[in-house]
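One file, input35.pdb, is given below (PDB, C-alpha atoms).
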```pdb
ATOM      1  CA  ARG A  21     155.988 113.118 261.500
ATOM      2  CA  ILE A  22     156.571 113.528 265.214
ATOM      3  CA  LEU A  23     154.482 116.724 265.358
ATOM      4  CA  ASN A  24     151.654 115.025 263.433
ATOM      5  CA  PHE A  25     151.743 112.161 265.933
ATOM      6  CA  HIS A  26     150.694 114.585 268.694
ATOM      7  CA  GLU A  27     147.244 114.952 267.156
ATOM      8  CA  THR A  28     144.891 111.985 267.286
ATOM      9  CA  GLU A  29     141.423 112.436 265.833
ATOM     10  CA  GLY A  30     141.317 116.134 266.688
ATOM     11  CA  SER A  31     142.651 115.839 270.250
ATOM     12  CA  MET A  32     146.153 116.301 271.558
ATOM     13  CA  LEU A  33     148.170 113.574 273.260
ATOM     14  CA  TYR A  34     149.051 114.292 276.854
ATOM     15  CA  PRO A  35     151.781 114.318 277.817
ATOM     16  CA  LYS A  36     153.275 115.244 274.481
ATOM     17  CA  TYR A  37     155.318 112.637 272.655
ATOM     18  CA  PRO A  38     158.925 113.010 273.889
ATOM     19  CA  LEU A  39     161.095 114.771 271.327
ATOM     20  CA  LYS A  40     164.502 114.084 272.773
ATOM     21  CA  GLY A  41     164.501 110.425 273.881
ATOM     22  CA  LEU A  42     164.980 107.436 271.593
ATOM     23  CA  HIS A  43     164.944 103.705 272.466
ATOM     24  CA  ILE A  44     166.753 101.338 270.132
ATOM     25  CA  GLU A  45     166.492  97.572 270.317
ATOM     26  CA  LEU A  46     169.918  96.340 269.224
ATOM     27  CA  SER A  47     168.747  92.764 269.613
ATOM     28  CA  ASN A  48     165.628  90.984 270.788
ATOM     29  CA  ILE A  49     167.768  88.230 272.319
ATOM     30  CA  CYS A  50     167.992  87.983 276.101
ATOM     31  CA  ASN A  51     170.225  85.812 278.270
ATOM     32  CA  HIS A  52     167.520  85.635 280.974
ATOM     33  CA  GLN A  53     163.952  84.343 280.925
ATOM     34  CA  CYS A  54     162.166  86.471 283.525
ATOM     35  CA  LEU A  55     158.729  85.257 284.583
ATOM     36  CA  PHE A  56     157.052  88.621 284.030
ATOM     37  CA  CYS A  57     158.805  89.598 280.780
ATOM     38  CA  ALA A  58     157.183  89.318 277.366
ATOM     39  CA  ASN A  59     160.530  88.506 275.745
ATOM     40  CA  ARG A  60     160.309  84.826 276.612
ATOM     41  CA  LYS A  61     156.990  84.567 274.763
ATOM     42  CA  MET A  62     158.088  86.603 271.761
ATOM     43  CA  SER A  63     157.417  84.827 268.484
ATOM     44  CA  ARG A  64     159.338  87.078 266.117
ATOM     45  CA  LYS A  65     162.670  85.888 264.793
ATOM     46  CA  LYS A  66     165.643  86.501 267.091
ATOM     47  CA  GLY A  67     168.421  88.623 265.689
ATOM     48  CA  PHE A  68     170.502  91.787 265.720
ATOM     49  CA  MET A  69     170.025  95.229 264.221
ATOM     50  CA  ASN A  70     171.899  95.944 261.011
ATOM     51  CA  GLU A  71     174.814  98.310 261.739
ATOM     52  CA  SER A  72     174.254 100.564 258.715
ATOM     53  CA  PHE A  73     170.587 100.922 259.692
ATOM     54  CA  LEU A  74     171.608 101.756 263.264
ATOM     55  CA  LYS A  75     174.010 104.467 262.064
ATOM     56  CA  ARG A  76     171.320 105.890 259.799
ATOM     57  CA  ILE A  77     168.614 106.117 262.467
ATOM     58  CA  LEU A  78     171.041 107.564 265.013
ATOM     59  CA  GLN A  79     171.916 110.328 262.561
ATOM     60  CA  GLU A  80     168.322 110.915 261.398
ATOM     61  CA  ALA A  81     166.973 111.093 264.961
ATOM     62  CA  TYR A  82     169.733 113.486 265.966
ATOM     63  CA  SER A  83     168.893 115.693 262.964
ATOM     64  CA  GLU A  84     165.260 115.699 264.175
ATOM     65  CA  GLY A  85     166.291 116.981 267.611
ATOM     66  CA  PHE A  86     166.732 113.791 269.655
ATOM     67  CA  ARG A  87     169.516 114.101 272.218
ATOM     68  CA  GLU A  88     169.110 110.976 274.342
ATOM     69  CA  VAL A  89     169.344 107.357 273.246
ATOM     70  CA  GLY A  90     168.658 104.229 275.243
ATOM     71  CA  TYR A  91     169.912 100.922 273.900
ATOM     72  CA  TYR A  92     167.245  98.616 275.236
ATOM     73  CA  ALA A  93     163.730  97.416 274.581
ATOM     74  CA  ASN A  94     162.886  93.704 274.536
ATOM     75  CA  GLY A  95     166.378  92.265 274.524
ATOM     76  CA  GLU A  96     169.482  92.424 276.691
ATOM     77  CA  PRO A  97     171.836  95.099 275.270
ATOM     78  CA  PHE A  98     174.969  93.202 276.313
ATOM     79  CA  VAL A  99     174.203  90.318 273.925
ATOM     80  CA  SER A 100     175.321  92.746 271.185
ATOM     81  CA  PRO A 101     179.075  92.175 270.966
ATOM     82  CA  GLU A 102     179.657  95.708 269.645
ATOM     83  CA  LEU A 103     177.670  97.586 272.304
ATOM     84  CA  ASP A 104     180.643  99.751 273.269
ATOM     85  CA  LYS A 105     181.084 100.777 269.624
ATOM     86  CA  TYR A 106     177.403 101.730 269.337
ATOM     87  CA  ILE A 107     177.706 103.902 272.438
ATOM     88  CA  SER A 108     180.753 105.608 270.935
ATOM     89  CA  TRP A 109     178.851 106.261 267.700
ATOM     90  CA  ALA A 110     176.027 107.991 269.588
ATOM     91  CA  LYS A 111     178.467 110.142 271.558
ATOM     92  CA  GLN A 112     180.398 111.068 268.387
ATOM     93  CA  ILE A 113     177.160 112.142 266.681
ATOM     94  CA  GLY A 114     176.478 114.402 269.657
ATOM     95  CA  TYR A 115     173.962 112.608 271.859
ATOM     96  CA  SER A 116     174.249 114.096 275.338
ATOM     97  CA  TYR A 117     172.816 111.112 277.220
ATOM     98  CA  VAL A 118     173.308 107.447 276.305
ATOM     99  CA  TYR A 119     171.879 104.805 278.604
ATOM    100  CA  ILE A 120     171.166 101.108 278.935
ATOM    101  CA  ASP A 121     168.971  98.874 281.052
ATOM    102  CA  THR A 122     170.526  95.477 281.780
ATOM    103  CA  ASN A 123     169.993  92.377 283.861
ATOM    104  CA  GLY A 124     173.715  92.629 284.652
ATOM    105  CA  GLY A 125     174.378  88.914 284.279
ATOM    106  CA  ILE A 126     177.529  89.344 282.183
ATOM    107  CA  GLU A 127     181.263  89.739 282.803
ATOM    108  CA  PHE A 128     182.259  93.044 284.414
ATOM    109  CA  ARG A 129     184.818  93.687 281.676
ATOM    110  CA  LYS A 130     181.894  94.267 279.279
ATOM    111  CA  ILE A 131     180.359  96.805 281.638
ATOM    112  CA  LYS A 132     183.706  98.553 281.959
ATOM    113  CA  ARG A 133     184.029  98.749 278.151
ATOM    114  CA  VAL A 134     180.677 100.504 277.723
ATOM    115  CA  ILE A 135     181.449 102.942 280.538
ATOM    116  CA  ASP A 136     184.796 103.718 278.914
ATOM    117  CA  ALA A 137     182.991 104.242 275.588
ATOM    118  CA  GLY A 138     181.039 107.131 277.117
ATOM    119  CA  LEU A 139     177.948 105.581 278.682
ATOM    120  CA  ASP A 140     176.032 108.110 280.798
ATOM    121  CA  SER A 141     173.689 105.774 282.686
ATOM    122  CA  ILE A 142     173.276 102.103 283.469
ATOM    123  CA  LYS A 143     170.260 100.599 285.201
ATOM    124  CA  PHE A 144     170.449  97.129 286.698
ATOM    125  CA  SER A 145     167.151  95.277 286.656
ATOM    126  CA  ILE A 146     167.404  93.050 289.738
ATOM    127  CA  ASN A 147     164.120  91.295 290.376
ATOM    128  CA  GLY A 148     165.090  88.826 293.055
ATOM    129  CA  THR A 149     166.276  89.446 296.609
ATOM    130  CA  ASN A 150     168.347  86.296 297.138
ATOM    131  CA  PRO A 151     169.862  83.565 294.951
ATOM    132  CA  ASP A 152     166.827  81.281 295.217
ATOM    133  CA  ASN A 153     164.037  83.668 294.284
ATOM    134  CA  TYR A 154     166.297  85.386 291.743
ATOM    135  CA  LYS A 155     166.803  82.071 289.920
ATOM    136  CA  LEU A 156     163.077  81.398 289.995
ATOM    137  CA  ILE A 157     162.225  84.840 288.598
ATOM    138  CA  HIS A 158     165.107  85.362 286.140
ATOM    139  CA  GLY A 159     165.494  81.765 285.055
ATOM    140  CA  ARG A 160     169.249  82.064 285.647
ATOM    141  CA  ASP A 161     171.523  81.596 288.640
ATOM    142  CA  ASP A 162     173.262  84.988 288.261
ATOM    143  CA  PHE A 163     172.348  86.698 291.539
ATOM    144  CA  ASP A 164     175.873  86.769 293.003
ATOM    145  CA  ARG A 165     177.394  87.899 289.707
ATOM    146  CA  VAL A 166     174.834  90.685 289.264
ATOM    147  CA  MET A 167     175.329  91.984 292.793
ATOM    148  CA  GLU A 168     179.099  91.917 292.318
ATOM    149  CA  ASN A 169     178.718  93.777 289.002
ATOM    150  CA  LEU A 170     176.544  96.424 290.642
ATOM    151  CA  LYS A 171     179.176  97.009 293.337
ATOM    152  CA  LYS A 172     182.065  97.054 290.843
ATOM    153  CA  THR A 173     180.189  99.465 288.589
ATOM    154  CA  TYR A 174     179.530 101.884 291.434
ATOM    155  CA  ASP A 175     183.154 101.642 292.598
ATOM    156  CA  TYR A 176     184.384 102.212 289.029
ATOM    157  CA  LYS A 177     182.146 105.272 288.735
ATOM    158  CA  LYS A 178     183.656 106.709 291.941
ATOM    159  CA  MET A 179     187.185 105.893 290.785
ATOM    160  CA  LEU A 180     186.627 107.670 287.460
ATOM    161  CA  ASN A 181     185.088 110.666 289.235
ATOM    162  CA  ARG A 182     182.845 111.026 286.204
ATOM    163  CA  SER A 183     179.173 111.722 285.799
ATOM    164  CA  LEU A 184     177.753 108.232 285.421
ATOM    165  CA  ASN A 185     174.320 107.414 286.767
ATOM    166  CA  VAL A 186     173.983 103.958 288.304
ATOM    167  CA  TYR A 187     170.409 102.870 288.930
ATOM    168  CA  VAL A 188     168.598  99.773 290.160
ATOM    169  CA  SER A 189     165.050  98.755 289.336
ATOM    170  CA  ILE A 190     163.147  95.986 291.068
ATOM    171  CA  ALA A 191     159.920  94.510 289.718
ATOM    172  CA  VAL A 192     158.025  93.535 292.833
ATOM    173  CA  THR A 193     156.320  90.165 292.505
ATOM    174  CA  ARG A 194     154.657  87.944 295.072
ATOM    175  CA  TYR A 195     157.924  86.005 295.330
ATOM    176  CA  ILE A 196     159.838  88.930 296.830
ATOM    177  CA  GLU A 197     157.256  91.282 298.338
ATOM    178  CA  ASP A 198     158.173  90.292 301.916
ATOM    179  CA  SER A 199     161.915  90.897 301.412
ATOM    180  CA  VAL A 200     162.021  93.745 298.885
ATOM    181  CA  ASP A 201     162.287  96.658 301.343
ATOM    182  CA  GLN A 202     165.327  95.249 303.109
ATOM    183  CA  PHE A 203     166.945  94.306 299.786
ATOM    184  CA  ALA A 204     166.287  97.771 298.363
ATOM    185  CA  GLU A 205     167.984  99.369 301.361
ATOM    186  CA  TYR A 206     171.024  97.153 300.820
ATOM    187  CA  CYS A 207     171.171  98.089 297.106
ATOM    188  CA  ARG A 208     170.932 101.836 297.783
ATOM    189  CA  GLN A 209     174.562 101.935 298.951
ATOM    190  CA  TYR A 210     175.661 100.872 295.443
ATOM    191  CA  CYS A 211     173.506 103.086 293.245
ATOM    192  CA  ASP A 212     172.378 106.674 292.738
ATOM    193  CA  ASP A 213     168.680 105.847 292.764
ATOM    194  CA  LEU A 214     166.368 102.856 293.023
ATOM    195  CA  VAL A 215     162.819 102.271 291.849
TER     196      VAL A 215
END
```

Taking this structure as input, can you express it in the form of structure tokens?
Amino acid sequence: RILNFHETEGSMLYPKYPLKGLHIELSNICNHQCLFCANRKMSRKKGFMNESFLKRILQEAYSEGFREVGYYANGEPFVSPELDKYISWAKQIGYSYVYIDTNGGIEFRKIKRVIDAGLDSIKFSINGTNPDNYKLIHGRDDFDRVMENLKKTYDYKKMLNRSLNVYVSIAVTRYIEDSVDQFAEYCRQYCDDLV
């Protein structure tokens, strides 16, 4: 099916459809309401992925040659109470790279659990540069918590001396365009890369 997807009405897709990366939406629920995100306008029913279905697609995708899995799409991965277990499942199956994208507005103990479960990469989506514009953009007053979580995650990575990629992404909006460069420079000391 994947190979057939490359051909569309006699022409080839470019670039080719990725054969090793898989995104799984564990839940379409999010604890934030970002101004620019489609999640807040989503009309489909909120819920969680069935665990037996998750196990099945992890195994089927691996059998088809997928080696990377990202647990994120339209929802916040940390709203799934068993996220650490799902990361362990992927690693046990043989996935070489398991990653998440998070707003980071949760307790650090949850981040620590997923790292300990074998997480290979975590990207913090931080779209405000101070508590005020962060609250306006994210719809939550989590700026200080998120920044603390970013620092603790990077420190934990160094303490473990393990290959864990810590990234930051910033969606530049008119609310932060004047302060984003300085904020990005500050963040760079607590991550491996920033976009």

Residue by residue, what does the PyMOL selection byres ((chain A and resi 110) around 10) grab here? Present the result as a list in words.
Leu74, Lys75, Leu78, Gln79, Tyr82, Arg87, Glu88, Val89, Lys105, Tyr106, Ile107, Ser108, Trp109, Lys111, Gln112, Ile113, Gly114, Tyr115, Ser116, Tyr117, Val118, Ala137, Gly138 and Leu139 of chain A

Looking at all atoms listed in the file, which of A:Gln53, A:Ser141, A:Thr173, A:Ser47 is the one that sits closest to Asn185 in chain A?
A:Ser141

Just want the 10 Å neighbourhood of Ile120 in chain A, counted on all atoms listed in the file, with same-chain residues fewer than 2 positions away dropped. Output as a list in words.
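The filter keeps His43, Ile44, Val89, Gly90, Tyr91, Tyr92, Ala93, Glu96, Pro97, Phe98, Leu103, Ile107, Val118, Thr122, Val134, Leu139, Asp140, Ser141, Ile142, Lys143 and Phe144 of chain A.
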
Please produce a file of those selected residues containing C-alpha atoms, as a PDB file, keeping the file's coordinate frame.
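Just written: selection_7.pdb:
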```
ATOM      1  CA  HIS A  43     164.944 103.705 272.466  1.00  0.00           C
ATOM      2  CA  ILE A  44     166.753 101.338 270.132  1.00  0.00           C
ATOM      3  CA  VAL A  89     169.344 107.357 273.246  1.00  0.00           C
ATOM      4  CA  GLY A  90     168.658 104.229 275.243  1.00  0.00           C
ATOM      5  CA  TYR A  91     169.912 100.922 273.900  1.00  0.00           C
ATOM      6  CA  TYR A  92     167.245  98.616 275.236  1.00  0.00           C
ATOM      7  CA  ALA A  93     163.730  97.416 274.581  1.00  0.00           C
ATOM      8  CA  GLU A  96     169.482  92.424 276.691  1.00  0.00           C
ATOM      9  CA  PRO A  97     171.836  95.099 275.270  1.00  0.00           C
ATOM     10  CA  PHE A  98     174.969  93.202 276.313  1.00  0.00           C
ATOM     11  CA  LEU A 103     177.670  97.586 272.304  1.00  0.00           C
ATOM     12  CA  ILE A 107     177.706 103.902 272.438  1.00  0.00           C
ATOM     13  CA  VAL A 118     173.308 107.447 276.305  1.00  0.00           C
ATOM     14  CA  THR A 122     170.526  95.477 281.780  1.00  0.00           C
ATOM     15  CA  VAL A 134     180.677 100.504 277.723  1.00  0.00           C
ATOM     16  CA  LEU A 139     177.948 105.581 278.682  1.00  0.00           C
ATOM     17  CA  ASP A 140     176.032 108.110 280.798  1.00  0.00           C
ATOM     18  CA  SER A 141     173.689 105.774 282.686  1.00  0.00           C
ATOM     19  CA  ILE A 142     173.276 102.103 283.469  1.00  0.00           C
ATOM     20  CA  LYS A 143     170.260 100.599 285.201  1.00  0.00           C
ATOM     21  CA  PHE A 144     170.449  97.129 286.698  1.00  0.00           C
TER      22      PHE A 144
END
```

CA of Ile146 in chain A to CA of Ala191 in chain A, distance in Å rounded to a single decimal
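Computed distance, CA of Ile146 in chain A to CA of Ala191 in chain A, equals 7.6 Å.
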
Distance CA of Asn153 in chain A-CA of Val192 in chain A, one decimal place?
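Computing it gives 11.6 Å between the two atoms.
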
Restricting the calculation to all atoms listed in the file, which member of A:Asn169, A:Asn150, A:Ser183, A:Ser145 is positioned closest to Val200 in chain A?
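For Val200 in chain A, the nearest of the candidates is A:Asn150.
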
Do you have the CA of Val188 in chain A-CA of Val166 in chain A distance handy?
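For CA of Val188 in chain A relative to CA of Val166 in chain A, the distance reads 11.1 Å.
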
Report as a PyMOL selection string the full result of the PyMOL selection byres ((chain A and resi 128) around 8) when it is applied to this structure.
chain A and resi 126-127+129-132+169+172-173

Quick one: of A:Ile135, A:Ala81, A:Leu170, A:Val99, who's nearest to Cys207 in chain A, counting only C-alpha atoms?
A:Leu170

Hey, which of A:His158, A:Asp121, A:Asp136, A:Glu168 ends up closest to Ser189 in chain A? Count all atoms listed in the file.
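Looking at the shortest contact to Ser189 in chain A, the residue is A:Asp121.
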
Using the chain letters and numbers from the file, give me the residues hit by the PyMOL selection byres ((chain A and resi 66) around 7), as a list in words.
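Applying the expression gives Asn48, Ile49, Arg64, Lys65 and Gly67 of chain A.
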
Of the candidates A:Gly125, A:Asp198, A:Asp213, A:Ser83, which one gets nearest to Leu184 in chain A if we count only C-alpha atoms?
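Looking at the shortest contact to Leu184 in chain A, the residue is A:Asp213.
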
Find the residues near Gly148 in chain A: any atom within 10 Å, counting only C-alpha atoms, skip ones fewer than 3 places away on the same chain, and give them as a ChimeraX atom specification.
/A:145,151-158,163,190-193,195-197,199-200,203

Taking all atoms listed in the file into account, name the residue in A:Tyr187, A:Ile77, A:Glu84, A:Gln209 that is nearest to Gly124 in chain A.
A:Tyr187

Can you patch up range 153-175 of chain A, filling it in to N, CA, C and O atoms, and show the result as an mmCIF file, in the frame of the given file?
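The new file result.cif reads:
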```cif
data_model
loop_
_atom_site.group_PDB
_atom_site.id
_atom_site.type_symbol
_atom_site.label_atom_id
_atom_site.label_comp_id
_atom_site.auth_asym_id
_atom_site.auth_seq_id
_atom_site.Cartn_x
_atom_site.Cartn_y
_atom_site.Cartn_z
ATOM 1 N N ASN A 153 165.162 83.055 294.996
ATOM 2 C CA ASN A 153 164.037 83.668 294.284
ATOM 3 C C ASN A 153 164.501 84.366 293.005
ATOM 4 O O ASN A 153 163.739 84.482 292.052
ATOM 5 N N TYR A 154 165.753 84.806 292.974
ATOM 6 C CA TYR A 154 166.297 85.386 291.743
ATOM 7 C C TYR A 154 166.293 84.338 290.614
ATOM 8 O O TYR A 154 165.863 84.621 289.500
ATOM 9 N N LYS A 155 166.766 83.131 290.930
ATOM 10 C CA LYS A 155 166.803 82.071 289.920
ATOM 11 C C LYS A 155 165.397 81.717 289.452
ATOM 12 O O LYS A 155 165.162 81.507 288.257
ATOM 13 N N LEU A 156 164.461 81.677 290.356
ATOM 14 C CA LEU A 156 163.077 81.398 289.995
ATOM 15 C C LEU A 156 162.532 82.475 289.054
ATOM 16 O O LEU A 156 161.906 82.163 288.044
ATOM 17 N N ILE A 157 162.776 83.727 289.370
ATOM 18 C CA ILE A 157 162.225 84.840 288.598
ATOM 19 C C ILE A 157 162.972 85.061 287.285
ATOM 20 O O ILE A 157 162.358 85.236 286.232
ATOM 21 N N HIS A 158 164.287 85.072 287.325
ATOM 22 C CA HIS A 158 165.107 85.362 286.140
ATOM 23 C C HIS A 158 165.372 84.140 285.264
ATOM 24 O O HIS A 158 165.795 84.286 284.115
ATOM 25 N N GLY A 159 165.197 82.970 285.823
ATOM 26 C CA GLY A 159 165.494 81.765 285.055
ATOM 27 C C GLY A 159 166.978 81.494 284.922
ATOM 28 O O GLY A 159 167.383 80.638 284.138
ATOM 29 N N ARG A 160 167.783 82.224 285.668
ATOM 30 C CA ARG A 160 169.249 82.064 285.647
ATOM 31 C C ARG A 160 169.793 82.212 287.055
ATOM 32 O O ARG A 160 169.258 82.970 287.854
ATOM 33 N N ASP A 161 170.890 81.554 287.321
ATOM 34 C CA ASP A 161 171.523 81.596 288.640
ATOM 35 C C ASP A 161 172.636 82.652 288.640
ATOM 36 O O ASP A 161 173.792 82.337 288.875
ATOM 37 N N ASP A 162 172.271 83.918 288.391
ATOM 38 C CA ASP A 162 173.262 84.988 288.261
ATOM 39 C C ASP A 162 173.238 85.991 289.420
ATOM 40 O O ASP A 162 173.859 87.049 289.332
ATOM 41 N N PHE A 163 172.520 85.717 290.476
ATOM 42 C CA PHE A 163 172.348 86.698 291.539
ATOM 43 C C PHE A 163 173.681 87.226 292.064
ATOM 44 O O PHE A 163 173.885 88.446 292.137
ATOM 45 N N ASP A 164 174.592 86.338 292.434
ATOM 46 C CA ASP A 164 175.873 86.769 293.003
ATOM 47 C C ASP A 164 176.679 87.588 291.998
ATOM 48 O O ASP A 164 177.283 88.606 292.353
ATOM 49 N N ARG A 165 176.672 87.170 290.750
ATOM 50 C CA ARG A 165 177.394 87.899 289.707
ATOM 51 C C ARG A 165 176.814 89.299 289.512
ATOM 52 O O ARG A 165 177.541 90.283 289.408
ATOM 53 N N VAL A 166 175.489 89.393 289.469
ATOM 54 C CA VAL A 166 174.834 90.685 289.264
ATOM 55 C C VAL A 166 175.129 91.633 290.427
ATOM 56 O O VAL A 166 175.445 92.810 290.208
ATOM 57 N N MET A 167 175.049 91.135 291.637
ATOM 58 C CA MET A 167 175.329 91.984 292.793
ATOM 59 C C MET A 167 176.789 92.441 292.792
ATOM 60 O O MET A 167 177.083 93.599 293.113
ATOM 61 N N GLU A 168 177.680 91.548 292.418
ATOM 62 C CA GLU A 168 179.099 91.917 292.318
ATOM 63 C C GLU A 168 179.299 92.968 291.220
ATOM 64 O O GLU A 168 180.055 93.930 291.387
ATOM 65 N N ASN A 169 178.612 92.805 290.094
ATOM 66 C CA ASN A 169 178.718 93.777 289.002
ATOM 67 C C ASN A 169 178.183 95.148 289.406
ATOM 68 O O ASN A 169 178.746 96.181 289.027
ATOM 69 N N LEU A 170 177.087 95.154 290.155
ATOM 70 C CA LEU A 170 176.544 96.424 290.642
ATOM 71 C C LEU A 170 177.582 97.136 291.510
ATOM 72 O O LEU A 170 177.857 98.329 291.323
ATOM 73 N N LYS A 171 178.175 96.415 292.443
ATOM 74 C CA LYS A 171 179.176 97.009 293.337
ATOM 75 C C LYS A 171 180.390 97.497 292.555
ATOM 76 O O LYS A 171 180.879 98.613 292.774
ATOM 77 N N LYS A 172 180.887 96.663 291.636
ATOM 78 C CA LYS A 172 182.065 97.054 290.843
ATOM 79 C C LYS A 172 181.769 98.270 289.966
ATOM 80 O O LYS A 172 182.627 99.132 289.787
ATOM 81 N N THR A 173 180.562 98.325 289.436
ATOM 82 C CA THR A 173 180.189 99.465 288.589
ATOM 83 C C THR A 173 180.177 100.754 289.405
ATOM 84 O O THR A 173 180.701 101.778 288.977
ATOM 85 N N TYR A 174 179.593 100.688 290.590
ATOM 86 C CA TYR A 174 179.530 101.884 291.434
ATOM 87 C C TYR A 174 180.931 102.302 291.886
ATOM 88 O O TYR A 174 181.264 103.490 291.901
ATOM 89 N N ASP A 175 181.772 101.337 292.218
ATOM 90 C CA ASP A 175 183.154 101.642 292.598
ATOM 91 C C ASP A 175 183.916 102.242 291.420
ATOM 92 O O ASP A 175 184.703 103.182 291.591
#
```
